[in-house]
Amino acid sequence: MFGQKKHVRVRFAPSPTGPLNFGGVRTALFNWLFAKHEGGYFILRIEDTDKERSRPEFETDIKESLSWLGLHWDELYKQTDRIAEYEKYLTSLLERNIAYYCFCSEEDLVKDEEAQMSQGIPPKYSGRCRTIPFEEATARAKKEKHVIRLKVPEKELSFHDLIRGKVTFHLGLVGDFIIAKSLKEPLYNFANVIDDAEMEITHVVRGEEHISNTPRQIAIQEALGFSPLIYAHLPLILGANKKKLSKRDLAKSISDYRREGYLPHAVLNFLVLLGWHPKEDKEILSVEEMQKEFSFDRVQKAGGIFNIEKLDWFNGYYIRALSDETLALLLEELVPPAWMNDRNKFVKTVSVEKERMKKLTDFAGAVKFLFELPVYAPELLLWKHTPAATIAGNLKEAIGIFEGIAEEDFHKRTIESKMMLFAEMRGRGEVLWPIRVALSGNGASPGPFDLADILGKRETLLRMKHAYALLSKKHEAE
RNA sequence: GGUCCCAUCGUCUAACGGUUAGGACACCGCCCUUUCACGGCGGUAAUAGGAGUUCGAUUCUCCUUGGGACUACCA
C-alpha cells in the first residue's frame with residue numbers, strides 16, 4: 001500500500017431539497033475539475049436523509065442539470081439506500097459508549113440554553129443523559145422518544161484546508177451534539193462522515209458555509225477511527241447584497257437559466273472564473289483548458305458577487321461562436337412552428353441575428369418582424385430632416401430597382417451592389433434607412449440587404465409598396 | 001452575543017517584497033457604419049485605516065474597521 005499514490009476521489013453531495021443553483025454547480029464544477037485534473041473520480045452522492053424536505057423531483061433536477069453541463073459522475077450513491085450501513089456504525093458507537101441515547105425534552109433543552117445564556121456562557125448540551133447506563137438507556141429507547149448524541153472530547157482540533165491553510169477550533173465549545181434522531185434516522189454530519197470514509201473520499205471540496213461543520217465531522221471521524229481528509233472550502237457566491245446567494249435574488253435554478261437560453265459552456269466559463277483564475281490573463285476557456293489548469297492554489301478566499309452581466313457577455317460570446325446550423329437547431333424549439341416552413345429562411349435569419357443575441361430566448365422577439373408583418377408609424381420611415389416627399393421618391397425608385405433584379409439573382413450581394421449605386425447617388429441614409437424601416441418596421445434591425453435577402457423578392461416588394469403607400473398618404477394629409 | 005472565515009477598480013480578478021498596480025465585464029469616447037449589433041482603438045476607475053518588519057510593502061506580522069458564514073432532532 002505504501003509508496004502507492006492513492007487515486008483522488010471527490011464527491012459532490014447535494015441534498016435534494018431544492019433545484020440545483022449556481023452555488024451547487026460551482027461546487028460540483030470545482031470537484032469535477034479537480035478530479036479530472038488529477039485523473040481521479042467524481043462521485044455524486046444524494047444526501048437525502050432529511051425525509052421531510054427531500055423530494056424526488058429535486059433529485060431529478062440536480063442530475064439533469066449536471067448532465068446538461070457535462071459534469072458527468074463516475075459513481076452515484078443515495079443515502080437513503082444506505083440506512084442499514086449507518087445503523088451499524090451507530091450501534092457500534094452506542095455499544096462502545098462513545099455515543100449515547102438522550103431523552104431530554106425540548107423544554108429541558110430550552111431551559112438549559114436560557115440559563116447558560118443568562119450567565120453569558122455560550123450554549124451547549126449539558127450532558128445530562130451521558131451517564132445513563134447503557135442497558136437502561138437501550139431499554140428506554142425502545143419506547144421513549146430519543147436522539148443519539150456523540151460524546152465529544154474537550155480538546156483543540158485543527159484541519160488542513162487547501163485554500164485557507166490550517167484552521168483551528170475548540171471542541172469544548174461544541175458539546176455533545178446529535179448524530180442521529182434514531183438508529184434509522186442518521187443526521188447530516190454523521191451520514192456524511194460514514195460515506196466519505198466508506199467511499200474512500202480523499203478530498204472534501206465544498207462551500208465555505210461548511211467550515212463550521214468540519215470540527216463536528218472530524219470528531220465523528222476520530223470516534224470511528226477513520227483517517228483524516230483533506231479539505232478545500234470554496235468561497236461563497238454572493239448576491240448583490242453581499243450575502244450568500246439565497247432562494248431569491250439570483251439564486252434561480254440552473255434549469256431556469258437553461259430555459260432562458262443560456263449555453264452550458266457559458267455557464268461553466270462564467271462560474272469557473274468566479275473564485276478561480278488561470279495563470280495567464282485568459283478569460284475564454286475551453287473545458288479542456290479548465291481541467292488542465294485547475295488548481296486549488298489559484299482559488300480565491302473571499303466570496304464573489306454573482307454578476308449576471310458578465311454571464312450574459314459570455315453567453316453572447318458562445319452564441320456567436322456557434323455555427324449557424326447548430327444555433328438553428330437550438331432555436332427551433334423556441335419559435336412558432338410556422339417559422340420552420342421555410343428552413344432556408346430560418347437559417348439565414350439565425351445567421352443574421354446571431355451577433356445580436358445574448359440569450360437564445362432573445363431570438364424570437366427580435367426577428368418576429370421577418371415572419372409576421374410589422375406595424376409601425378409612417379414617421380419612422382423619415383431620415384433625419386429629409387422631407388417626406390424625397391423619402392417617398394427614394395422608396396419608389398428603390399422599388400423599381402428591386403423589381404429589376406431577377407428572382408434567381410435576388411441575393412444579398414446582387415441587391416447590395418445594385419442598391420448601393422443608387423444610395424451613393426442620393427445619400428446613404430436617405431435611401432437605406434427608409435428601406436430598412438420598410439422591411440423591418442423597426443428603429444433598429446439588421447441591414448436592409450440582409451433583410452431583403454431573407455424576405456425574398458415578393459415579400460420585399462410587398463413591404464416596400466406598403467411603406468410607399470403609407471408615406472404618400474401621410475404626405476397628402478399634410 | 002459566541003466560534004470561524006475574509007478584505008486590490010462598480011463587479012470578477014492579476015501581481016506570490018521592487019510594476020506607470022495588469023486583464024475582463026459594465027460604463028464613457030472615437031473609428032467602422034443607413035439603424036442596432038459585432039469588431040477595432042482609447043478613456044474613467046482600486047490596494048479599507050493604523051502601527052510594525054524591511055533599503056523597499058498590494059504582498060509578511062499585529063491592531064482597528066468593515067463584510068460574511070455558522071450557531072437545528074436542515075443539509
# chains A, B, ... in the order shown; residues from 1 in each chain; ligands from 1
>>> closest_atom_pairs(of="chain B", to="chain A", cutoff="10 Å", atoms="only C-alpha atoms (C1' of nucleotides)", output="Markdown table")
| residue | atom | partner | partner_atom | distance |
| --- | --- | --- | --- | --- |
| B:G1 | C1' | A:Gly120 | CA | 8.4 |
| B:G2 | C1' | A:Pro122 | CA | 5.8 |
| B:U3 | C1' | A:Phe169 | CA | 7.8 |
| B:C4 | C1' | A:Ser212 | CA | 6.5 |
| B:C5 | C1' | A:Glu208 | CA | 7.8 |
| B:C6 | C1' | A:Ala302 | CA | 5.2 |
| B:A7 | C1' | A:Ala302 | CA | 7.5 |
| B:U11 | C1' | A:Asn307 | CA | 6.3 |
| B:C12 | C1' | A:Leu274 | CA | 6.3 |
| B:U13 | C1' | A:His277 | CA | 7.3 |
| B:A14 | C1' | A:Asp281 | CA | 7.1 |
| B:G22 | C1' | A:Asp281 | CA | 8.6 |
| B:G23 | C1' | A:Asp281 | CA | 5.7 |
| B:A24 | C1' | A:Glu283 | CA | 6.7 |
| B:C25 | C1' | A:Lys310 | CA | 4.9 |
| B:A26 | C1' | A:Glu309 | CA | 7.3 |
| B:U34 | C1' | A:Gly429 | CA | 4.5 |
| B:U35 | C1' | A:Ala444 | CA | 4.9 |
| B:C36 | C1' | A:Ala444 | CA | 4.4 |
| B:A37 | C1' | A:Arg356 | CA | 4.8 |
| B:C38 | C1' | A:Glu355 | CA | 5.7 |
| B:G67 | C1' | A:Lys242 | CA | 7.8 |
| B:G68 | C1' | A:Lys243 | CA | 6.9 |
| B:A69 | C1' | A:Glu209 | CA | 5.1 |
| B:C70 | C1' | A:Ser212 | CA | 5.6 |
| B:U71 | C1' | A:Ser212 | CA | 8.9 |
| B:A72 | C1' | A:Ile178 | CA | 9.8 |
| B:C73 | C1' | A:Lys181 | CA | 5.6 |
| B:C74 | C1' | A:Asp50 | CA | 7.1 |
| B:A75 | C1' | A:Ser15 | CA | 6.1 |
>>> residues_around(residues="segment 359-366 of chain A", least_positions_apart="3", cutoff="9 Å", atoms="only C-alpha atoms (C1' of nucleotides)", output="mmCIF file with N, CA and C atoms, in the first residue's frame")
data_model
loop_
_atom_site.group_PDB
_atom_site.id
_atom_site.type_symbol
_atom_site.label_atom_id
_atom_site.label_comp_id
_atom_site.auth_asym_id
_atom_site.auth_seq_id
_atom_site.Cartn_x
_atom_site.Cartn_y
_atom_site.Cartn_z
ATOM 1 N N ARG A 259 -33.600 27.168 -19.402
ATOM 2 C CA ARG A 259 -34.834 27.543 -20.110
ATOM 3 C C ARG A 259 -34.743 28.941 -20.705
ATOM 4 N N GLU A 260 -34.008 29.819 -20.029
ATOM 5 C CA GLU A 260 -33.903 31.199 -20.512
ATOM 6 C C GLU A 260 -32.931 31.340 -21.675
ATOM 7 N N GLY A 261 -32.278 30.244 -22.017
ATOM 8 C CA GLY A 261 -31.429 30.317 -23.198
ATOM 9 C C GLY A 261 -29.961 30.568 -22.918
ATOM 10 N N TYR A 262 -29.484 30.077 -21.803
ATOM 11 C CA TYR A 262 -28.042 30.148 -21.554
ATOM 12 C C TYR A 262 -27.415 28.852 -22.041
ATOM 13 N N LEU A 263 -26.183 28.956 -22.509
ATOM 14 C CA LEU A 263 -25.448 27.803 -23.027
ATOM 15 C C LEU A 263 -24.606 27.188 -21.903
ATOM 16 N N ASP A 312 -24.012 37.118 -19.162
ATOM 17 C CA ASP A 312 -24.656 37.451 -20.432
ATOM 18 C C ASP A 312 -23.616 37.671 -21.532
ATOM 19 N N ASN A 315 -22.339 34.398 -22.585
ATOM 20 C CA ASN A 315 -23.348 33.688 -23.352
ATOM 21 C C ASN A 315 -23.407 34.209 -24.787
ATOM 22 N N GLY A 316 -23.377 35.529 -24.931
ATOM 23 C CA GLY A 316 -23.362 36.128 -26.265
ATOM 24 C C GLY A 316 -22.136 35.673 -27.044
ATOM 25 N N ILE A 319 -22.629 32.103 -28.120
ATOM 26 C CA ILE A 319 -23.652 32.013 -29.164
ATOM 27 C C ILE A 319 -23.009 32.370 -30.496
ATOM 28 N N LEU A 327 -26.750 26.572 -34.135
ATOM 29 C CA LEU A 327 -27.585 27.535 -33.443
ATOM 30 C C LEU A 327 -29.049 27.391 -33.872
ATOM 31 N N LEU A 330 -30.768 24.702 -32.013
ATOM 32 C CA LEU A 330 -31.115 25.080 -30.637
ATOM 33 C C LEU A 330 -32.327 26.008 -30.600
ATOM 34 N N LEU A 331 -32.451 26.802 -31.658
ATOM 35 C CA LEU A 331 -33.503 27.822 -31.690
ATOM 36 C C LEU A 331 -34.852 27.289 -32.157
ATOM 37 N N LEU A 334 -37.749 27.115 -29.910
ATOM 38 C CA LEU A 334 -38.099 28.347 -29.211
ATOM 39 C C LEU A 334 -38.915 29.307 -30.075
ATOM 40 N N VAL A 335 -39.297 28.852 -31.264
ATOM 41 C CA VAL A 335 -40.053 29.736 -32.157
ATOM 42 C C VAL A 335 -41.367 29.059 -32.575
ATOM 43 N N PRO A 336 -42.342 29.844 -33.062
ATOM 44 C CA PRO A 336 -43.591 29.245 -33.544
ATOM 45 C C PRO A 336 -43.293 28.251 -34.666
ATOM 46 N N VAL A 350 -31.201 33.205 -38.577
ATOM 47 C CA VAL A 350 -30.327 32.880 -37.449
ATOM 48 C C VAL A 350 -28.947 33.482 -37.678
ATOM 49 N N GLU A 353 -29.037 37.273 -37.175
ATOM 50 C CA GLU A 353 -29.373 37.745 -35.833
ATOM 51 C C GLU A 353 -28.349 37.305 -34.787
ATOM 52 N N LYS A 354 -27.540 36.348 -35.155
ATOM 53 C CA LYS A 354 -26.598 35.720 -34.218
ATOM 54 C C LYS A 354 -25.796 36.715 -33.378
ATOM 55 N N ARG A 356 -26.401 39.556 -32.484
ATOM 56 C CA ARG A 356 -27.175 40.460 -31.641
ATOM 57 C C ARG A 356 -27.736 39.788 -30.395
ATOM 58 N N PHE A 369 -40.531 40.192 -36.825
ATOM 59 C CA PHE A 369 -40.964 41.006 -37.977
ATOM 60 C C PHE A 369 -40.658 40.365 -39.323
ATOM 61 N N SER A 445 -32.380 47.223 -36.454
ATOM 62 C CA SER A 445 -32.503 45.877 -37.043
ATOM 63 C C SER A 445 -31.245 45.575 -37.834
#
>>> residues_around(residues="C28 of chain B", least_positions_apart="5", cutoff="12 Å", atoms="only C-alpha atoms (C1' of nucleotides)", output="number ranges by chain")
B: 42-45
>>> write_last_selection(atoms="N, CA, C and O atoms (P, O5', C5', C4', C3', O3' and C1' of nucleotides)", output="PDB file, in the first residue's frame")
ATOM      1  P     G B  42      -5.173  50.936 -27.808  1.00  0.00           P
ATOM      2  O5'   G B  42      -5.970  52.139 -27.117  1.00  0.00           O
ATOM      3  C5'   G B  42      -5.434  53.452 -27.174  1.00  0.00           C
ATOM      4  C4'   G B  42      -6.445  54.446 -26.669  1.00  0.00           C
ATOM      5  C3'   G B  42      -6.758  54.444 -25.186  1.00  0.00           C
ATOM      6  O3'   G B  42      -5.754  55.068 -24.405  1.00  0.00           O
ATOM      7  C1'   G B  42      -8.750  54.739 -26.417  1.00  0.00           C
ATOM      8  P     G B  43      -5.636  54.746 -22.815  1.00  0.00           P
ATOM      9  O5'   G B  43      -6.932  55.491 -22.240  1.00  0.00           O
ATOM     10  C5'   G B  43      -7.033  56.917 -22.329  1.00  0.00           C
ATOM     11  C4'   G B  43      -8.325  57.361 -21.717  1.00  0.00           C
ATOM     12  C3'   G B  43      -8.534  56.943 -20.274  1.00  0.00           C
ATOM     13  O3'   G B  43      -7.878  57.832 -19.386  1.00  0.00           O
ATOM     14  C1'   G B  43     -10.509  56.536 -21.511  1.00  0.00           C
ATOM     15  P     U B  44      -7.508  57.336 -17.903  1.00  0.00           P
ATOM     16  O5'   U B  44      -8.903  57.455 -17.140  1.00  0.00           O
ATOM     17  C5'   U B  44      -9.551  58.720 -17.019  1.00  0.00           C
ATOM     18  C4'   U B  44     -10.855  58.548 -16.294  1.00  0.00           C
ATOM     19  C3'   U B  44     -10.746  57.753 -15.002  1.00  0.00           C
ATOM     20  O3'   U B  44     -10.338  58.589 -13.928  1.00  0.00           O
ATOM     21  C1'   U B  44     -12.586  56.952 -16.269  1.00  0.00           C
ATOM     22  P     A B  45      -9.173  58.112 -12.966  1.00  0.00           P
ATOM     23  O5'   A B  45      -9.843  56.890 -12.200  1.00  0.00           O
ATOM     24  C5'   A B  45     -11.024  57.098 -11.429  1.00  0.00           C
ATOM     25  C4'   A B  45     -11.613  55.770 -11.070  1.00  0.00           C
ATOM     26  C3'   A B  45     -10.613  54.798 -10.449  1.00  0.00           C
ATOM     27  O3'   A B  45     -10.456  55.055  -9.066  1.00  0.00           O
ATOM     28  C1'   A B  45     -11.904  53.693 -12.105  1.00  0.00           C
TER      29        A B  45
END
>>> atom_distance(atom1="atom CA of Asn21 of chain A", atom2="atom CA of Lys63 of chain A")
12.1 Å
>>> atom_distance(atom1="atom C1' of U54 of chain B", atom2="atom CA of Leu162 of chain A")
29.2 Å
>>> residues_around(residues="Val347 of chain A", least_positions_apart="4", cutoff="7 Å", atoms="only C-alpha atoms (C1' of nucleotides)", output="ChimeraX atom specification")
/A:324-325,328,343,351
>>> select_by_dssp(residues="segment 265-465 of chain A", states="strand (DSSP E or B)", output="PDB file with N, CA and C atoms, in the first residue's frame")
ATOM      1  N   TRP A 276     -11.816  31.413  -9.160  1.00  0.00           N
ATOM      2  CA  TRP A 276     -10.586  30.778  -9.638  1.00  0.00           C
ATOM      3  C   TRP A 276     -10.091  31.544 -10.847  1.00  0.00           C
ATOM      4  N   VAL A 299      -7.358  29.348  -6.155  1.00  0.00           N
ATOM      5  CA  VAL A 299      -8.751  29.609  -5.772  1.00  0.00           C
ATOM      6  C   VAL A 299      -8.776  30.747  -4.755  1.00  0.00           C
ATOM      7  N   GLY A 304     -17.464  35.872  -3.784  1.00  0.00           N
ATOM      8  CA  GLY A 304     -17.602  36.651  -5.005  1.00  0.00           C
ATOM      9  C   GLY A 304     -19.054  36.948  -5.322  1.00  0.00           C
ATOM     10  N   ILE A 305     -19.270  38.143  -5.825  1.00  0.00           N
ATOM     11  CA  ILE A 305     -20.635  38.531  -6.173  1.00  0.00           C
ATOM     12  C   ILE A 305     -20.992  38.037  -7.568  1.00  0.00           C
TER      13      ILE A 305
END
>>> residues_around(residues="Tyr86 of chain A", least_positions_apart="4", cutoff="10 Å", atoms="only C-alpha atoms (C1' of nucleotides)", output="MDAnalysis selection string")
chainID A and resid 79:80 82 90:92 180 183:187 190:195
>>> select_by_dssp(residues="segment 103-292 of chain A", states="helix (DSSP H, G or I)", output="number ranges by chain")
A: 106-118, 128-131, 134-143, 171-173, 188-198, 208-224, 254-259, 264-272, 287-292
>>> atom_distance(atom1="atom CA of Lys6 of chain A", atom2="atom CA of Gly40 of chain A")
9.2 Å
>>> residues_around(residues="U8 of chain B", least_positions_apart="5", cutoff="7 Å", atoms="only C-alpha atoms (C1' of nucleotides)", output="ChimeraX atom specification")
/B:46-47,58
